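Let me begin by presenting the structure, written as structure tokens, before commenting on it.
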Amino acid sequence: MRVLLAGGGTAGHTSPLLATADALRRLVPEAEITCLGTSRGLETRVVPEAGYPLELIPPVPLPRRPNADLVRVPARLRGAVNETLAIVDRIRPDVIVGYGGYVSMPAYLAARRRKLPLVVHEQNTLPGLANKVGARLAARVAVSFPDTPLPRAEYVGLPIRRMISTLDREAVRPEARTFFGLDPDRPTLLVTGGSQGAMRINRAVSGAARALSDAGVQVLHVQGKHGGADPAATETPYVVLDYCDRMDLALAAADLTVCRSGASTLTEAAATGLPAVFVPLPIGNGEQELNARPVVEAGGALLVADQALTPEWVAATVPGLITDRERLAQMGRAAAALIPRDADDRLAAIILDLSRGSAATRSDR
């Protein structure tokens, strides 16, 4: 079985791609899996580190609004499609899988040109332009959230890393808190804005450091590369990291998280039963708020607008919530019941089914 997985740019595309690749390897150890990306994205680091071959094509940004770049898109797209076709002809995949973004549109068009079965996976509740097009060409369309408006959408969830999907937070908590230098017995708040960070979240939570400490709350704060966390000296631990490569332990250490509601961040918290305060990114097309709504409505999280998150709001809200063990337990159960942990296996099974049909068709020719 040979599979081409197209996706890149950010962790939102690369994380589910790699989770799917790992699931395919578990199901079919001899599977030949190739990833398709661009030189601009996170994939240039994380895909080789995960042990998968990576092919690169030119990026084709699709402007959200009419501008001078819009007239260059057709020529750029043709060039990227031609390079993708050359890769497809060389590796001869049985199926192509796309996760949206710059990389996927050329892959979708190449799949149509070569009459190869196509699977589209959409991470967000509100699909992007590439996946709106891809869904019309695809044999199967998989989505992370049940109300995603794509034709023939199948709700499978968002593939997440095995180290997260199999995580027993309670069992690992003592090890996790020791790993980060935290007190083993204090209520623990995890703060993260993703790899880039979120300045509003960083400033609001660190600005409430003394109020959190007065309530006995310790903080594990992953501030991202742009920084912004500047907590006052406190009696309880307040650990600030620029980056965390053990998010499984960070999730296990925490009783509550304050974070954005990108698909991967939301899914990893909810699937592991970690109650959350979601602060959607205020720019873009509003997909982060839409992502958060089902978990919030189920009772698994709170939703706070970016401009409303202030040190005063954190001081007034978080200490009472994080020290209410019964409420946290109810929130955790509600979140975990909503989000599937086996989306990687579900999506891999769809790909495997199409791959077998494609291989059989080729052998009949």
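Residue numbering restarts at 1 for every chain of the structure tokens, chains are lettered A, B, ... in their displayed order, and ligands are numbered from 1 as they appear.
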Find the residues near Leu85 (chain A): any atom within 12 Å, counting only C-alpha atoms, skip ones fewer than 6 places away on the same chain, and give them as a PyMOL selection string.
chain A and resi 4+36+55+57+78-79+91-93+96+106-116
Selection: 9 Å around Glu122 (chain A), only C-alpha atoms, excl. self and same-chain fewer than 4 positions, as JSON, numbers by chain
{"A": [98, 99, 100, 126, 127, 128, 131, 141, 142, 143, 144, 145, 148, 150, 158]}
Output file for the residues above (N, CA and C atoms, as a short mmCIF file (atom, residue, chain, number, x, y, z; two decimals), in the first residue's frame):
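See out_2.cif below for the written result:
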data_model
loop_
_atom_site.label_atom_id
_atom_site.label_comp_id
_atom_site.auth_asym_id
_atom_site.auth_seq_id
_atom_site.Cartn_x
_atom_site.Cartn_y
_atom_site.Cartn_z
N GLY A 98 -5.65 14.62 1.90
CA GLY A 98 -5.34 16.02 2.11
C GLY A 98 -5.96 16.56 3.38
N TYR A 99 -5.24 17.48 4.03
CA TYR A 99 -5.68 18.05 5.30
C TYR A 99 -5.95 19.55 5.20
N GLY A 100 -6.02 20.07 3.96
CA GLY A 100 -6.30 21.48 3.78
C GLY A 100 -5.03 22.32 3.76
N LEU A 126 -15.47 25.13 10.68
CA LEU A 126 -15.68 25.93 9.47
C LEU A 126 -14.58 25.62 8.48
N PRO A 127 -14.87 24.94 7.38
CA PRO A 127 -13.81 24.50 6.47
C PRO A 127 -13.17 25.64 5.70
N GLY A 128 -11.90 25.42 5.33
CA GLY A 128 -11.19 26.38 4.51
C GLY A 128 -11.49 26.18 3.04
N ASN A 131 -10.33 22.80 1.26
CA ASN A 131 -11.14 21.63 1.56
C ASN A 131 -12.56 21.74 1.03
N VAL A 141 -15.00 12.07 2.74
CA VAL A 141 -14.74 13.34 3.42
C VAL A 141 -14.89 13.10 4.92
N ALA A 142 -13.82 13.30 5.67
CA ALA A 142 -13.83 13.09 7.11
C ALA A 142 -13.72 14.44 7.82
N VAL A 143 -14.42 14.60 8.94
CA VAL A 143 -14.42 15.87 9.65
C VAL A 143 -14.18 15.65 11.14
N SER A 144 -13.69 16.71 11.78
CA SER A 144 -13.35 16.64 13.21
C SER A 144 -14.53 16.96 14.11
N PHE A 145 -15.50 17.71 13.59
CA PHE A 145 -16.64 18.14 14.38
C PHE A 145 -17.93 17.80 13.63
N THR A 148 -19.78 20.17 10.69
CA THR A 148 -18.97 20.79 9.65
C THR A 148 -19.71 20.75 8.31
N LEU A 150 -19.67 20.28 5.01
CA LEU A 150 -19.06 19.76 3.79
C LEU A 150 -19.93 18.62 3.27
N LEU A 158 -10.73 14.32 15.26
CA LEU A 158 -9.41 14.81 14.84
C LEU A 158 -8.33 13.84 15.29
#
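Going from CA of Ala269 (chain A) over to CA of Ala198 (chain A), you cover 17.1 Å.
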Determine, counting only C-alpha atoms, which protein, DNA and RNA residues have an atom within 10 Å of an atom of Arg162 (chain A); residues of the same chain fewer than 6 positions away are not included. Present the result as a list in words.
Ala19, Asp22, Ala23, Asp248, Arg341, Asp342 and Asp344 of chain A
As an NGL selection string, please: every residue in region 200-352 of chain A that a backbone DSSP assignment puts in helix (DSSP H, G or I).
:A and (200-206 or 209-214 or 247-253 or 263-271 or 287-298 or 306-308 or 311-322 or 325-338 or 343-352)
C-alpha atoms of the current selection, written as a short mmCIF file (atom, residue, chain, number, x, y, z; two decimals), in the first residue's frame:
data_model
loop_
_atom_site.label_atom_id
_atom_site.label_comp_id
_atom_site.auth_asym_id
_atom_site.auth_seq_id
_atom_site.Cartn_x
_atom_site.Cartn_y
_atom_site.Cartn_z
CA ARG A 200 -3.40 38.35 25.44
CA ILE A 201 -3.49 35.05 27.34
CA ASN A 202 0.12 35.41 28.49
CA ARG A 203 -0.39 38.88 29.90
CA ALA A 204 -3.81 38.23 31.43
CA VAL A 205 -2.87 35.09 33.33
CA SER A 206 0.59 36.20 34.43
CA ALA A 209 -0.21 35.53 39.38
CA ARG A 210 -0.58 36.85 42.92
CA ALA A 211 -4.32 36.19 43.04
CA LEU A 212 -3.74 32.65 41.84
CA SER A 213 -0.99 32.13 44.40
CA ASP A 214 -3.18 33.49 47.20
CA MET A 247 2.40 18.13 26.17
CA ASP A 248 1.23 14.74 27.42
CA LEU A 249 2.88 15.49 30.76
CA ALA A 250 1.65 19.10 30.71
CA LEU A 251 -1.94 17.90 30.27
CA ALA A 252 -1.48 15.29 32.99
CA ALA A 253 -0.07 17.84 35.43
CA ALA A 263 -8.67 22.13 16.63
CA SER A 264 -5.61 20.28 17.96
CA THR A 265 -5.39 22.19 21.25
CA LEU A 266 -9.11 21.78 21.90
CA THR A 267 -9.19 18.10 20.96
CA GLU A 268 -6.18 17.16 23.07
CA ALA A 269 -7.64 18.86 26.15
CA ALA A 270 -11.18 17.58 25.70
CA ALA A 271 -10.27 14.02 24.73
CA GLU A 287 -13.48 28.93 13.29
CA GLN A 288 -11.94 28.76 16.78
CA GLU A 289 -15.12 29.95 18.46
CA LEU A 290 -17.14 27.48 16.39
CA ASN A 291 -14.72 24.69 17.35
CA ALA A 292 -15.24 25.45 21.04
CA ARG A 293 -19.03 25.69 21.03
CA PRO A 294 -19.87 21.94 21.22
CA VAL A 295 -17.55 21.39 24.20
CA VAL A 296 -18.83 24.50 25.96
CA GLU A 297 -22.46 23.57 25.34
CA ALA A 298 -21.80 20.06 26.68
CA ASP A 306 -10.13 37.52 23.70
CA GLN A 307 -10.81 41.14 24.65
CA ALA A 308 -12.64 40.04 27.81
CA PRO A 311 -6.00 39.85 34.81
CA GLU A 312 -9.10 40.93 36.70
CA TRP A 313 -11.26 38.29 34.96
CA VAL A 314 -8.69 35.58 35.66
CA ALA A 315 -8.40 36.60 39.32
CA ALA A 316 -12.17 36.67 39.76
CA THR A 317 -12.94 33.40 37.94
CA VAL A 318 -10.09 30.90 37.83
CA PRO A 319 -9.31 30.39 41.55
CA GLY A 320 -12.92 29.48 42.38
CA LEU A 321 -13.18 27.15 39.41
CA ILE A 322 -9.90 25.30 39.79
CA ARG A 325 -13.07 19.55 42.42
CA GLU A 326 -16.64 18.37 41.88
CA ARG A 327 -17.28 20.89 39.11
CA LEU A 328 -13.96 20.09 37.44
CA ALA A 329 -14.79 16.39 37.48
CA GLN A 330 -18.17 17.05 35.84
CA MET A 331 -16.54 19.25 33.17
CA GLY A 332 -13.88 16.65 32.46
CA ARG A 333 -16.43 13.87 31.99
CA ALA A 334 -18.56 16.04 29.68
CA ALA A 335 -15.59 16.96 27.49
CA ALA A 336 -14.20 13.44 27.27
CA ALA A 337 -17.58 11.97 26.32
CA LEU A 338 -17.86 14.32 23.35
CA ALA A 343 -9.93 9.35 15.17
CA ASP A 344 -6.50 8.30 13.88
CA ASP A 345 -7.63 4.69 13.56
CA ARG A 346 -10.97 5.70 12.06
CA LEU A 347 -9.36 7.84 9.37
CA ALA A 348 -6.70 5.20 8.69
CA ALA A 349 -9.43 2.60 8.14
CA ILE A 350 -11.08 4.85 5.52
CA ILE A 351 -7.76 5.33 3.74
CA LEU A 352 -6.99 1.61 3.87
#
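The spacing separating CA of Leu241 (chain A) from CA of Gln196 (chain A) amounts to 12.3 Å.
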Quick one: which region 30-49 of chain A residues come within 8 Å of region 10-13 of chain A, and what is the nearest atom pair for each with the distance in Å to one decimal, counting only C-alpha atoms, rows ordered by chain and ascending number, as a Markdown table?
| residue | atom | partner | partner_atom | distance |
| --- | --- | --- | --- | --- |
| A:Gly41 | CA | A:Thr10 | CA | 6.3 |
| A:Leu42 | CA | A:Thr10 | CA | 5.7 |
| A:Glu43 | CA | A:Thr10 | CA | 7.7 |
Please produce a file of the residues just selected, as a PDB file, in the first residue's frame, where the atoms kept are N, CA, C and O atoms.
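Result file out-v5.pdb:
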ATOM      1  N   GLY A  41       6.780  25.519   5.887  1.00  0.00           N
ATOM      2  CA  GLY A  41       6.000  25.065   7.023  1.00  0.00           C
ATOM      3  C   GLY A  41       6.756  24.267   8.063  1.00  0.00           C
ATOM      4  O   GLY A  41       7.916  23.886   7.895  1.00  0.00           O
ATOM      5  N   LEU A  42       6.035  23.986   9.142  1.00  0.00           N
ATOM      6  CA  LEU A  42       6.539  23.184  10.249  1.00  0.00           C
ATOM      7  C   LEU A  42       6.905  21.776   9.800  1.00  0.00           C
ATOM      8  O   LEU A  42       7.739  21.113  10.422  1.00  0.00           O
ATOM      9  N   GLU A  43       6.313  21.320   8.702  1.00  0.00           N
ATOM     10  CA  GLU A  43       6.543  19.957   8.229  1.00  0.00           C
ATOM     11  C   GLU A  43       8.005  19.681   7.885  1.00  0.00           C
ATOM     12  O   GLU A  43       8.455  18.526   7.940  1.00  0.00           O
TER      13      GLU A  43
END
Region 120-219 of chain A: residues DSSP assigns to strand (DSSP E or B), reported as a CSV table (one decimal) with N, CA and C atoms, in the first residue's frame:
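Now in part-v8.csv:
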chain,number,residue,atom,x,y,z
A,120,VAL,N,-10.4,13.6,2.0
A,120,VAL,CA,-10.2,15.0,2.6
A,120,VAL,C,-10.5,14.9,4.1
A,121,HIS,N,-9.6,15.5,4.9
A,121,HIS,CA,-9.9,15.6,6.3
A,121,HIS,C,-9.9,17.1,6.7
A,122,GLU,N,-11.0,17.5,7.3
A,122,GLU,CA,-11.1,18.9,7.7
A,122,GLU,C,-11.0,19.0,9.2
A,140,ARG,N,-14.1,10.2,-0.1
A,140,ARG,CA,-14.5,10.2,1.3
A,140,ARG,C,-14.1,11.5,1.9
A,141,VAL,N,-15.0,12.1,2.7
A,141,VAL,CA,-14.7,13.3,3.4
A,141,VAL,C,-14.9,13.1,4.9
A,142,ALA,N,-13.8,13.3,5.7
A,142,ALA,CA,-13.8,13.1,7.1
A,142,ALA,C,-13.7,14.4,7.8
A,143,VAL,N,-14.4,14.6,8.9
A,143,VAL,CA,-14.4,15.9,9.7
A,143,VAL,C,-14.2,15.6,11.1
A,153,ALA,N,-20.0,14.5,4.5
A,153,ALA,CA,-19.0,14.5,5.6
A,153,ALA,C,-19.3,13.4,6.6
A,154,GLU,N,-18.2,12.7,7.0
A,154,GLU,CA,-18.3,11.6,8.0
A,154,GLU,C,-17.5,12.1,9.2
A,155,TYR,N,-18.2,12.0,10.4
A,155,TYR,CA,-17.7,12.5,11.6
A,155,TYR,C,-16.7,11.4,12.2
A,188,THR,N,-3.4,22.9,39.8
A,188,THR,CA,-2.4,23.3,38.8
A,188,THR,C,-3.1,23.8,37.6
A,189,LEU,N,-2.7,25.0,37.1
A,189,LEU,CA,-3.3,25.6,35.9
A,189,LEU,C,-2.3,25.5,34.8
A,190,LEU,N,-2.7,25.0,33.7
A,190,LEU,CA,-1.9,25.0,32.4
A,190,LEU,C,-2.3,26.1,31.5
A,191,VAL,N,-1.4,26.9,31.1
A,191,VAL,CA,-1.7,28.1,30.2
A,191,VAL,C,-0.9,27.8,28.9
A,192,THR,N,-1.5,27.9,27.8
A,192,THR,CA,-0.8,27.8,26.5
A,192,THR,C,-1.6,28.5,25.4
A,218,GLN,N,-0.9,26.8,41.6
A,218,GLN,CA,0.4,26.9,40.8
A,218,GLN,C,0.1,26.9,39.3
A,219,VAL,N,1.1,27.4,38.6
A,219,VAL,CA,0.9,27.6,37.1
A,219,VAL,C,2.0,27.0,36.3
Test item: residues at most 9 Å from Val239 (chain A), only C-alpha atoms, excluding those fewer than 6 positions along its chain, as an mmCIF file with all heavy atoms, in the first residue's frame:
data_model
loop_
_atom_site.group_PDB
_atom_site.id
_atom_site.type_symbol
_atom_site.label_atom_id
_atom_site.label_comp_id
_atom_site.auth_asym_id
_atom_site.auth_seq_id
_atom_site.Cartn_x
_atom_site.Cartn_y
_atom_site.Cartn_z
ATOM 1 N N PHE A 180 8.024 18.875 35.774
ATOM 2 C CA PHE A 180 8.027 20.332 35.588
ATOM 3 C C PHE A 180 8.423 21.099 36.841
ATOM 4 O O PHE A 180 8.382 22.333 36.848
ATOM 5 C CB PHE A 180 6.652 20.799 35.111
ATOM 6 C CG PHE A 180 6.295 20.351 33.723
ATOM 7 C CD1 PHE A 180 5.291 19.412 33.524
ATOM 8 C CD2 PHE A 180 6.968 20.846 32.620
ATOM 9 C CE1 PHE A 180 4.952 18.985 32.245
ATOM 10 C CE2 PHE A 180 6.642 20.425 31.344
ATOM 11 C CZ PHE A 180 5.643 19.493 31.157
ATOM 12 N N GLY A 181 8.802 20.397 37.911
ATOM 13 C CA GLY A 181 9.196 21.072 39.133
ATOM 14 C C GLY A 181 8.038 21.690 39.885
ATOM 15 O O GLY A 181 8.203 22.728 40.557
ATOM 16 N N LEU A 182 6.875 21.078 39.811
ATOM 17 C CA LEU A 182 5.676 21.592 40.458
ATOM 18 C C LEU A 182 5.422 20.853 41.776
ATOM 19 O O LEU A 182 5.884 19.734 41.974
ATOM 20 C CB LEU A 182 4.466 21.421 39.537
ATOM 21 C CG LEU A 182 4.526 22.194 38.218
ATOM 22 C CD1 LEU A 182 3.444 21.698 37.267
ATOM 23 C CD2 LEU A 182 4.374 23.687 38.462
ATOM 24 N N GLN A 218 -0.886 26.777 41.555
ATOM 25 C CA GLN A 218 0.389 26.881 40.843
ATOM 26 C C GLN A 218 0.125 26.856 39.335
ATOM 27 O O GLN A 218 -0.926 26.388 38.884
ATOM 28 C CB GLN A 218 1.343 25.756 41.242
ATOM 29 C CG GLN A 218 0.858 24.372 40.904
ATOM 30 C CD GLN A 218 1.777 23.282 41.463
ATOM 31 O OE1 GLN A 218 2.883 23.549 41.931
ATOM 32 N NE2 GLN A 218 1.310 22.037 41.429
ATOM 33 N N VAL A 219 1.087 27.366 38.572
ATOM 34 C CA VAL A 219 0.870 27.577 37.141
ATOM 35 C C VAL A 219 2.011 26.980 36.335
ATOM 36 O O VAL A 219 3.195 27.167 36.670
ATOM 37 C CB VAL A 219 0.743 29.084 36.814
ATOM 38 C CG1 VAL A 219 0.493 29.295 35.322
ATOM 39 C CG2 VAL A 219 -0.384 29.717 37.640
ATOM 40 N N LEU A 220 1.651 26.274 35.268
ATOM 41 C CA LEU A 220 2.594 25.843 34.233
ATOM 42 C C LEU A 220 2.228 26.627 32.984
ATOM 43 O O LEU A 220 1.171 26.406 32.391
ATOM 44 C CB LEU A 220 2.482 24.346 33.988
ATOM 45 C CG LEU A 220 3.327 23.779 32.834
ATOM 46 C CD1 LEU A 220 4.802 24.049 33.045
ATOM 47 C CD2 LEU A 220 3.061 22.294 32.656
ATOM 48 N N HIS A 221 3.078 27.569 32.580
ATOM 49 C CA HIS A 221 2.734 28.534 31.543
ATOM 50 C C HIS A 221 3.669 28.356 30.344
ATOM 51 O O HIS A 221 4.855 28.676 30.407
ATOM 52 C CB HIS A 221 2.857 29.950 32.109
ATOM 53 C CG HIS A 221 2.233 31.006 31.260
ATOM 54 N ND1 HIS A 221 1.562 32.089 31.787
ATOM 55 C CD2 HIS A 221 2.159 31.152 29.914
ATOM 56 C CE1 HIS A 221 1.121 32.861 30.799
ATOM 57 N NE2 HIS A 221 1.485 32.302 29.656
ATOM 58 N N VAL A 222 3.123 27.829 29.241
ATOM 59 C CA VAL A 222 3.880 27.676 27.995
ATOM 60 C C VAL A 222 3.582 28.913 27.157
ATOM 61 O O VAL A 222 2.547 29.003 26.500
ATOM 62 C CB VAL A 222 3.484 26.389 27.252
ATOM 63 C CG1 VAL A 222 4.380 26.191 26.031
ATOM 64 C CG2 VAL A 222 3.574 25.169 28.173
#
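Going from CA of Val119 (chain A) over to CA of Arg72 (chain A), you cover 27.6 Å.
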Surrounding residues of Arg161 (chain A) excluding itself and chain neighbours under 5 positions, 8 Å, only C-alpha atoms, as a count of residues only:
4
Name all residues at most 10 Å from Thr38 (chain A) (count only C-alpha atoms; drop same-chain ones fewer than 4 positions away) and give them as a PyMOL selection string.
chain A and resi 6-9+42-44+54-60+102-103
Based on the selection just made, write N, CA and C atoms of those residues as a short mmCIF file (atom, residue, chain, number, x, y, z; two decimals), in the first residue's frame.
data_model
loop_
_atom_site.label_atom_id
_atom_site.label_comp_id
_atom_site.auth_asym_id
_atom_site.auth_seq_id
_atom_site.Cartn_x
_atom_site.Cartn_y
_atom_site.Cartn_z
N ALA A 6 -0.98 14.89 2.20
CA ALA A 6 -0.68 16.28 1.87
C ALA A 6 -1.18 17.22 2.95
N GLY A 7 -0.26 17.92 3.58
CA GLY A 7 -0.67 18.88 4.61
C GLY A 7 0.55 19.52 5.23
N GLY A 8 0.45 20.76 5.61
CA GLY A 8 1.60 21.41 6.23
C GLY A 8 1.31 22.84 6.59
N GLY A 9 2.34 23.55 6.96
CA GLY A 9 2.21 24.94 7.36
C GLY A 9 2.27 25.08 8.86
N LEU A 42 6.03 23.99 9.14
CA LEU A 42 6.54 23.18 10.25
C LEU A 42 6.90 21.78 9.80
N GLU A 43 6.31 21.32 8.70
CA GLU A 43 6.54 19.96 8.23
C GLU A 43 8.01 19.68 7.88
N THR A 44 8.76 20.72 7.52
CA THR A 44 10.16 20.49 7.16
C THR A 44 10.98 19.97 8.34
N LEU A 54 9.59 13.23 2.99
CA LEU A 54 8.86 14.46 2.71
C LEU A 54 9.23 14.97 1.33
N GLU A 55 8.22 15.23 0.51
CA GLU A 55 8.39 15.85 -0.80
C GLU A 55 7.87 17.29 -0.70
N LEU A 56 8.58 18.21 -1.36
CA LEU A 56 8.22 19.63 -1.27
C LEU A 56 7.74 20.16 -2.61
N ILE A 57 6.70 21.01 -2.56
CA ILE A 57 6.20 21.71 -3.73
C ILE A 57 6.11 23.20 -3.39
N PRO A 58 6.01 24.08 -4.39
CA PRO A 58 5.90 25.51 -4.09
C PRO A 58 4.58 25.82 -3.38
N PRO A 59 4.60 26.71 -2.39
CA PRO A 59 3.34 27.10 -1.73
C PRO A 59 2.47 27.94 -2.65
N VAL A 60 1.17 27.77 -2.54
CA VAL A 60 0.22 28.57 -3.32
C VAL A 60 -0.76 29.21 -2.35
N TYR A 102 -2.22 25.31 2.10
CA TYR A 102 -1.51 25.60 0.86
C TYR A 102 -1.18 24.35 0.05
N VAL A 103 -0.82 23.27 0.75
CA VAL A 103 -0.30 22.08 0.07
C VAL A 103 -1.40 21.28 -0.59
#
